[in-house]
$ cat entry-v2.json   # JSON, C-alpha atoms
[["chain", "number", "residue", "atom", "x", "y", "z"],
["A", 1, "MET", "CA", 60.20, 152.69, -77.67],
["A", 2, "ILE", "CA", 62.14, 149.44, -77.56],
["A", 3, "ARG", "CA", 60.05, 146.60, -78.99],
["A", 4, "VAL", "CA", 60.57, 143.44, -76.91],
["A", 5, "ALA", "CA", 59.36, 139.85, -77.27],
["A", 6, "VAL", "CA", 59.68, 137.04, -74.71],
["A", 7, "VAL", "CA", 59.88, 133.39, -75.76],
["A", 8, "ASP", "CA", 59.48, 130.79, -73.02],
["A", 9, "ASP", "CA", 57.50, 127.56, -72.69],
["A", 10, "GLU", "CA", 56.26, 128.56, -69.21],
["A", 11, "ARG", "CA", 53.32, 130.96, -69.28],
["A", 12, "LEU", "CA", 54.09, 132.12, -65.74],
["A", 13, "VAL", "CA", 57.62, 133.15, -66.73],
["A", 14, "ARG", "CA", 56.31, 135.04, -69.75],
["A", 15, "SER", "CA", 53.72, 136.84, -67.63],
["A", 16, "GLY", "CA", 56.32, 137.78, -65.03],
["A", 17, "LEU", "CA", 58.74, 139.20, -67.58],
["A", 18, "ARG", "CA", 55.95, 141.06, -69.36],
["A", 19, "MET", "CA", 54.91, 142.60, -66.05],
["A", 20, "ILE", "CA", 58.47, 143.63, -65.15],
["A", 21, "LEU", "CA", 59.44, 145.05, -68.52],
["A", 22, "GLY", "CA", 56.04, 146.67, -69.07],
["A", 23, "THR", "CA", 56.73, 149.08, -66.21],
["A", 24, "ALA", "CA", 59.61, 150.73, -68.09],
["A", 25, "PRO", "CA", 58.46, 153.86, -69.96],
["A", 26, "ASP", "CA", 60.75, 153.20, -72.94],
["A", 27, "ILE", "CA", 59.93, 149.50, -73.43],
["A", 28, "GLU", "CA", 56.97, 148.07, -75.34],
["A", 29, "MET", "CA", 56.15, 144.39, -74.92],
["A", 30, "VAL", "CA", 55.01, 143.40, -78.40],
["A", 31, "ALA", "CA", 54.73, 139.62, -77.96],
["A", 32, "ASP", "CA", 55.21, 136.62, -75.69],
["A", 33, "CYS", "CA", 54.94, 133.04, -76.90],
["A", 34, "SER", "CA", 56.30, 129.51, -76.68],
["A", 35, "GLY", "CA", 59.04, 128.09, -78.89],
["A", 36, "ALA", "CA", 56.74, 126.56, -81.49],
["A", 37, "GLU", "CA", 55.35, 129.98, -82.43],
["A", 38, "ALA", "CA", 58.52, 131.95, -81.81],
["A", 39, "VAL", "CA", 60.08, 132.67, -85.20],
["A", 40, "GLU", "CA", 56.85, 133.66, -86.96],
["A", 41, "THR", "CA", 55.65, 135.71, -83.98],
["A", 42, "VAL", "CA", 58.91, 137.56, -83.34],
["A", 43, "LEU", "CA", 59.54, 138.43, -86.97],
["A", 44, "GLY", "CA", 55.89, 139.32, -87.50],
["A", 45, "CYS", "CA", 55.86, 141.89, -84.70],
["A", 46, "ALA", "CA", 59.27, 143.35, -85.65],
["A", 47, "ALA", "CA", 60.74, 142.92, -82.17],
["A", 48, "GLU", "CA", 64.10, 144.62, -81.67],
["A", 49, "VAL", "CA", 65.05, 142.61, -78.58],
["A", 50, "VAL", "CA", 64.13, 139.00, -77.77],
["A", 51, "LEU", "CA", 64.50, 137.25, -74.43],
["A", 52, "LEU", "CA", 64.62, 133.56, -75.35],
["A", 53, "ASP", "CA", 64.53, 130.49, -73.12],
["A", 54, "ILE", "CA", 67.59, 128.41, -73.94],
["A", 55, "ARG", "CA", 65.84, 125.06, -73.53],
["A", 56, "MET", "CA", 62.17, 124.35, -74.35],
["A", 57, "PRO", "CA", 60.30, 121.06, -74.92],
["A", 58, "ASP", "CA", 58.62, 121.87, -78.24],
["A", 59, "VAL", "CA", 61.27, 123.79, -80.18],
["A", 60, "ASP", "CA", 64.53, 124.37, -78.35],
["A", 61, "GLY", "CA", 65.97, 127.84, -77.93],
["A", 62, "LEU", "CA", 69.05, 127.15, -80.03],
["A", 63, "THR", "CA", 66.88, 126.31, -83.04],
["A", 64, "VAL", "CA", 64.83, 129.48, -82.57],
["A", 65, "LEU", "CA", 68.00, 131.54, -82.17],
["A", 66, "ARG", "CA", 69.50, 130.11, -85.34],
["A", 67, "ARG", "CA", 66.38, 130.91, -87.36],
["A", 68, "LEU", "CA", 66.05, 134.42, -85.97],
["A", 69, "ARG", "CA", 69.68, 135.22, -86.66],
["A", 70, "ALA", "CA", 69.21, 134.08, -90.27],
["A", 71, "ALA", "CA", 66.52, 136.74, -90.85],
["A", 72, "PRO", "CA", 67.39, 139.79, -93.01],
["A", 73, "ASP", "CA", 67.16, 142.21, -90.06],
["A", 74, "PRO", "CA", 67.55, 140.00, -86.99],
["A", 75, "PRO", "CA", 66.71, 141.19, -83.48],
["A", 76, "ALA", "CA", 69.21, 141.15, -80.63],
["A", 77, "VAL", "CA", 68.65, 137.92, -78.70],
["A", 78, "ALA", "CA", 69.55, 137.23, -75.07],
["A", 79, "MET", "CA", 69.18, 133.69, -73.80],
["A", 80, "LEU", "CA", 67.24, 133.04, -70.57],
["A", 81, "THR", "CA", 68.40, 130.17, -68.41],
["A", 82, "THR", "CA", 68.01, 128.75, -64.92],
["A", 83, "PHE", "CA", 71.16, 126.65, -65.10],
["A", 84, "ASP", "CA", 74.73, 126.87, -66.35],
["A", 85, "ALA", "CA", 74.89, 123.88, -68.69],
["A", 86, "GLN", "CA", 78.03, 124.89, -70.51],
["A", 87, "GLU", "CA", 77.28, 123.01, -73.71],
["A", 88, "TYR", "CA", 74.09, 125.01, -74.24],
["A", 89, "LEU", "CA", 75.73, 128.33, -73.42],
["A", 90, "THR", "CA", 78.66, 127.77, -75.75],
["A", 91, "ALA", "CA", 76.38, 126.66, -78.59],
["A", 92, "ALA", "CA", 74.17, 129.73, -78.16],
["A", 93, "LEU", "CA", 77.22, 131.97, -78.22],
["A", 94, "ARG", "CA", 78.33, 130.43, -81.49],
["A", 95, "GLU", "CA", 74.86, 130.93, -82.97],
["A", 96, "GLY", "CA", 75.02, 134.66, -82.31],
["A", 97, "ALA", "CA", 73.39, 135.21, -78.92],
["A", 98, "ALA", "CA", 73.95, 138.78, -77.72],
["A", 99, "GLY", "CA", 73.74, 137.85, -74.06],
["A", 100, "PHE", "CA", 72.83, 135.45, -71.27],
["A", 101, "LEU", "CA", 70.46, 136.22, -68.39],
["A", 102, "LEU", "CA", 69.19, 134.16, -65.49],
["A", 103, "LYS", "CA", 65.40, 133.93, -65.22],
["A", 104, "ASP", "CA", 65.55, 135.13, -61.65],
["A", 105, "SER", "CA", 67.55, 138.25, -62.52],
["A", 106, "ASP", "CA", 66.73, 141.40, -60.61],
["A", 107, "PRO", "CA", 63.95, 143.42, -62.34],
["A", 108, "GLU", "CA", 66.17, 146.48, -62.69],
["A", 109, "GLN", "CA", 68.89, 144.33, -64.22],
["A", 110, "LEU", "CA", 66.45, 142.98, -66.82],
["A", 111, "VAL", "CA", 65.38, 146.49, -67.81],
["A", 112, "ARG", "CA", 69.00, 147.63, -68.09],
["A", 113, "ALA", "CA", 69.81, 144.53, -70.13],
["A", 114, "VAL", "CA", 67.05, 145.26, -72.65],
["A", 115, "ARG", "CA", 68.27, 148.83, -73.06],
["A", 116, "THR", "CA", 71.83, 147.63, -73.55],
["A", 117, "LEU", "CA", 70.77, 145.08, -76.16],
["A", 118, "ALA", "CA", 68.69, 147.67, -78.03],
["A", 119, "ALA", "CA", 71.73, 149.96, -78.14],
["A", 120, "GLY", "CA", 73.83, 147.23, -79.75],
["A", 121, "GLY", "CA", 75.58, 146.07, -76.60],
["A", 122, "SER", "CA", 75.91, 142.64, -75.01],
["A", 123, "VAL", "CA", 74.77, 141.39, -71.62],
["A", 124, "LEU", "CA", 76.18, 138.67, -69.43],
["A", 125, "ASP", "CA", 74.74, 137.78, -66.04],
["A", 126, "PRO", "CA", 77.49, 137.32, -63.44],
["A", 127, "GLY", "CA", 75.95, 133.95, -62.58],
["A", 128, "VAL", "CA", 76.94, 132.47, -65.94],
["A", 129, "THR", "CA", 80.00, 134.56, -66.80],
["A", 130, "ARG", "CA", 82.57, 131.92, -65.89],
["A", 131, "ALA", "CA", 80.68, 129.13, -67.68],
["A", 132, "VAL", "CA", 80.37, 131.16, -70.88],
["A", 133, "ILE", "CA", 83.98, 132.28, -70.88],
["A", 134, "GLY", "CA", 85.26, 128.83, -69.99],
["A", 135, "GLY", "CA", 83.27, 127.10, -72.71],
["A", 136, "TYR", "CA", 84.22, 129.66, -75.32],
["A", 137, "LEU", "CA", 87.91, 129.43, -74.63],
["A", 138, "THR", "CA", 88.14, 125.65, -75.03],
["A", 139, "ALA", "CA", 87.78, 125.75, -78.82],
["A", 140, "GLU", "CA", 90.84, 126.05, -81.08],
["A", 141, "ASP", "CA", 89.49, 128.98, -83.08],
["A", 142, "GLN", "CA", 89.06, 130.99, -79.89],
["A", 143, "ALA", "CA", 92.78, 130.74, -79.18],
["A", 144, "ALA", "CA", 93.40, 132.02, -82.71],
["A", 145, "ALA", "CA", 91.04, 134.94, -82.08],
["A", 146, "ALA", "CA", 92.88, 135.84, -78.87],
["A", 147, "ARG", "CA", 96.19, 135.86, -80.74],
["A", 148, "ALA", "CA", 94.67, 138.14, -83.34],
["A", 149, "VAL", "CA", 94.30, 140.90, -80.73],
["A", 150, "SER", "CA", 97.95, 141.72, -81.32],
["A", 151, "GLY", "CA", 97.04, 142.67, -84.91],
["A", 152, "LEU", "CA", 94.54, 145.35, -83.92],
["A", 153, "THR", "CA", 95.32, 149.04, -84.19],
["A", 154, "PRO", "CA", 95.51, 151.02, -80.91],
["A", 155, "ARG", "CA", 92.09, 152.53, -81.63],
["A", 156, "GLU", "CA", 90.57, 149.11, -82.37],
["A", 157, "SER", "CA", 92.07, 147.75, -79.15],
["A", 158, "GLN", "CA", 90.47, 150.61, -77.23],
["A", 159, "VAL", "CA", 87.10, 149.87, -78.83],
["A", 160, "LEU", "CA", 87.53, 146.17, -78.04],
["A", 161, "ALA", "CA", 88.21, 147.00, -74.39],
["A", 162, "LEU", "CA", 84.96, 148.99, -74.23],
["A", 163, "LEU", "CA", 83.10, 146.12, -75.88],
["A", 164, "GLY", "CA", 84.50, 144.03, -73.04],
["A", 165, "GLU", "CA", 82.69, 146.35, -70.63],
["A", 166, "GLY", "CA", 79.41, 145.56, -72.39],
["A", 167, "LEU", "CA", 78.99, 148.98, -74.01],
["A", 168, "GLY", "CA", 76.95, 149.62, -77.15],
["A", 169, "ASN", "CA", 78.16, 151.69, -80.09],
["A", 170, "ALA", "CA", 76.54, 154.91, -78.85],
["A", 171, "GLN", "CA", 78.11, 154.50, -75.41],
["A", 172, "ILE", "CA", 81.53, 153.77, -76.92],
["A", 173, "ALA", "CA", 81.21, 156.81, -79.16],
["A", 174, "ASP", "CA", 80.40, 158.98, -76.16],
["A", 175, "ARG", "CA", 83.29, 157.55, -74.11],
["A", 176, "MET", "CA", 85.82, 158.04, -76.93],
["A", 177, "GLY", "CA", 84.48, 161.30, -78.36],
["A", 178, "LEU", "CA", 83.83, 159.75, -81.77],
["A", 179, "ALA", "CA", 80.88, 159.67, -84.14],
["A", 180, "PRO", "CA", 78.71, 156.53, -83.81],
["A", 181, "SER", "CA", 79.34, 155.76, -87.48],
["A", 182, "THR", "CA", 83.10, 155.79, -86.85],
["A", 183, "VAL", "CA", 82.70, 153.43, -83.91],
["A", 184, "LYS", "CA", 80.54, 151.15, -86.05],
["A", 185, "ASP", "CA", 83.33, 150.99, -88.64],
["A", 186, "HIS", "CA", 85.93, 150.19, -85.95],
["A", 187, "VAL", "CA", 83.73, 147.44, -84.50],
["A", 188, "ARG", "CA", 83.17, 145.88, -87.91],
["A", 189, "ALA", "CA", 86.89, 145.94, -88.65],
["A", 190, "LEU", "CA", 88.02, 144.43, -85.34],
["A", 191, "LEU", "CA", 85.37, 141.70, -85.40],
["A", 192, "GLY", "CA", 86.61, 140.75, -88.85],
["A", 193, "LYS", "CA", 90.23, 140.66, -87.68],
["A", 194, "LEU", "CA", 89.22, 138.44, -84.78],
["A", 195, "GLY", "CA", 87.80, 135.84, -87.14],
["A", 196, "GLY", "CA", 84.29, 137.12, -87.83],
["A", 197, "ILE", "CA", 83.13, 136.69, -84.23],
["A", 198, "ASN", "CA", 80.21, 138.57, -82.64],
["A", 199, "ARG", "CA", 80.19, 141.27, -79.98],
["A", 200, "ILE", "CA", 79.85, 139.07, -76.92],
["A", 201, "GLN", "CA", 82.59, 136.76, -78.20],
["A", 202, "ALA", "CA", 84.75, 139.85, -78.69],
["A", 203, "ALA", "CA", 83.98, 140.94, -75.12],
["A", 204, "ILE", "CA", 85.22, 137.57, -73.85],
["A", 205, "VAL", "CA", 88.39, 137.83, -75.95],
["A", 206, "ALA", "CA", 88.94, 141.32, -74.52],
["A", 207, "ASP", "CA", 88.65, 139.95, -71.00],
["A", 208, "ARG", "CA", 91.07, 137.07, -71.57],
["A", 209, "ALA", "CA", 93.54, 139.34, -73.39],
["A", 210, "GLY", "CA", 93.69, 141.55, -70.30],
["A", 211, "LEU", "CA", 92.06, 144.57, -71.95],
["A", 212, "VAL", "CA", 89.19, 144.85, -69.46],
["A", 213, "ALA", "CA", 89.97, 146.31, -66.06],
["A", 214, "GLY", "CA", 88.47, 144.67, -62.96],
["A", 215, "ASP", "CA", 85.66, 142.12, -62.85],
["A", 216, "PRO", "CA", 84.52, 141.06, -66.37],
["A", 217, "ARG", "CA", 80.92, 142.01, -65.74],
["A", 218, "GLY", "CA", 80.89, 145.20, -67.74],
["A", 219, "ALA", "CA", 77.62, 147.09, -67.45],
["A", 220, "TRP", "CA", 75.77, 144.24, -65.71]]
$ encode --input "entry-v2.json" --output "structure tokens"
Amino acid sequence: MIRVAVVDDERLVRSGLRMILGTAPDIEMVADCSGAEAVETVLGCAAEVVLLDIRMPDVDGLTVLRRLRAAPDPPAVAMLTTFDAQEYLTAALREGAAGFLLKDSDPEQLVRAVRTLAAGGSVLDPGVTRAVIGGYLTAEDQAAAARAVSGLTPRESQVLALLGEGLGNAQIADRMGLAPSTVKDHVRALLGKLGGINRIQAAIVADRAGLVAGDPRGAW
């Protein structure tokens, strides 16, 4: 079972997400709370995946994200948003967000997103894709990361392309006919070569480097 927590200042939103995700046979809703209680609650219930509102009145989502990512065994965190304020999206990406979802996402999309996050993948709603990619690419270090693609081995480039499709390690291993542990090593190596970025940042670099075929929506 995938242990999921929802953090949002609106009780109605939390109830709706709990209802949607609770119908999936492989998902267990272990907590829902507001931002003020988020870090203690999420870490206390050992959630594997967290859906986190990006902007809340008591404690904002970026602060919660930063504290969760600093934990010894942090959960995968996808940010929930109803708008595409680029400054928030870019900041969340830099703090280690594993994805971005709109609050009005299709129920099936939310379930798929949770499964992808639990498998080590990244998720990016088409509604915010351009804003996230645009904001990420404006920083100087992102240009350096894109240039670093040329220093990857052919196998690492192939793994990076699959990261660009939003695949998790197990899915990449299956696609390439490799052991998951081997894929994990390749991912760690290429992220290091790209400047210590995270998986969703790597997916964006893959897209801009022309490694991802078609629309950069991956598995979403």
$ closest_residue --input "entry-v2.json" --among "A:Gly44, A:Gly164, A:Pro74, A:Pro57" --to "Gln201 of chain A" --atoms "all atoms listed in the file"
A:Gly164
$ closest_residue --input "entry-v2.json" --among "A:Ile27, A:Leu162, A:Ile54, A:Leu65" --to "Val39 of chain A" --atoms "all atoms listed in the file"
A:Leu65
$ closest_residue --input "entry-v2.json" --among "A:Asp125, A:Ala206, A:Thr63, A:Val4" --to "Ser150 of chain A" --atoms "only C-alpha atoms"
A:Ala206
$ atom_distance --input "entry-v2.json" --atom1 "atom CA of Val50 of chain A" --atom2 "atom CA of Pro75 of chain A"
6.6 Å
$ atom_distance --input "entry-v2.json" --atom1 "atom CA of Glu48 of chain A" --atom2 "atom CA of Ser157 of chain A"
28.3 Å
$ residues_around --input "entry-v2.json" --residues "Asn198 of chain A" --least-positions-apart "6" --cutoff "9 Å" --atoms "all atoms listed in the file" --output "PyMOL selection string"
chain A and resi 93-94+96-98+191
$ write_last_selection --input "entry-v2.json" --atoms "C-alpha atoms" --output "JSON list (two decimals), in the coordinates of the input"
[["chain", "number", "residue", "atom", "x", "y", "z"],
["A", 93, "LEU", "CA", 77.22, 131.97, -78.22],
["A", 94, "ARG", "CA", 78.33, 130.43, -81.49],
["A", 96, "GLY", "CA", 75.02, 134.66, -82.31],
["A", 97, "ALA", "CA", 73.39, 135.21, -78.92],
["A", 98, "ALA", "CA", 73.95, 138.78, -77.72],
["A", 191, "LEU", "CA", 85.37, 141.70, -85.40]]
$ closest_residue --input "entry-v2.json" --among "A:Val59, A:Ile200, A:Leu21, A:Ile2" --to "Ala78 of chain A" --atoms "all atoms listed in the file"
A:Ile200
$ atom_distance --input "entry-v2.json" --atom1 "atom CA of Phe100 of chain A" --atom2 "atom CA of Arg18 of chain A"
17.9 Å
$ residues_near_point --input "entry-v2.json" --point "(64.8, 124.3, -71.2)" --cutoff "12 Å" --atoms "only C-alpha atoms" --output "number ranges by chain"
A: 7-10, 34-35, 52-62, 79-85, 88-89, 103
$ closest_residue --input "entry-v2.json" --among "A:Met176, A:Leu163, A:Leu12, A:Val187" --to "Cys33 of chain A" --atoms "only C-alpha atoms"
A:Leu12
$ closest_residue --input "entry-v2.json" --among "A:Ala209, A:Ala5, A:Leu190, A:Leu17" --to "Leu152 of chain A" --atoms "only C-alpha atoms"
A:Leu190
$ residues_around --input "entry-v2.json" --residues "Ser105 of chain A" --least-positions-apart "2" --cutoff "12 Å" --atoms "only C-alpha atoms" --output "PyMOL selection string"
chain A and resi 13+16-17+20+80-82+100-103+107-113+124-128+220
$ residues_near_point --input "entry-v2.json" --point "(86.7, 143.0, -75.4)" --cutoff "6 Å" --atoms "only C-alpha atoms" --output "list in words"
Leu160, Ala161, Leu163, Gly164, Ala202, Ala203, Ile204, Val205, Ala206 and Asp207 of chain A
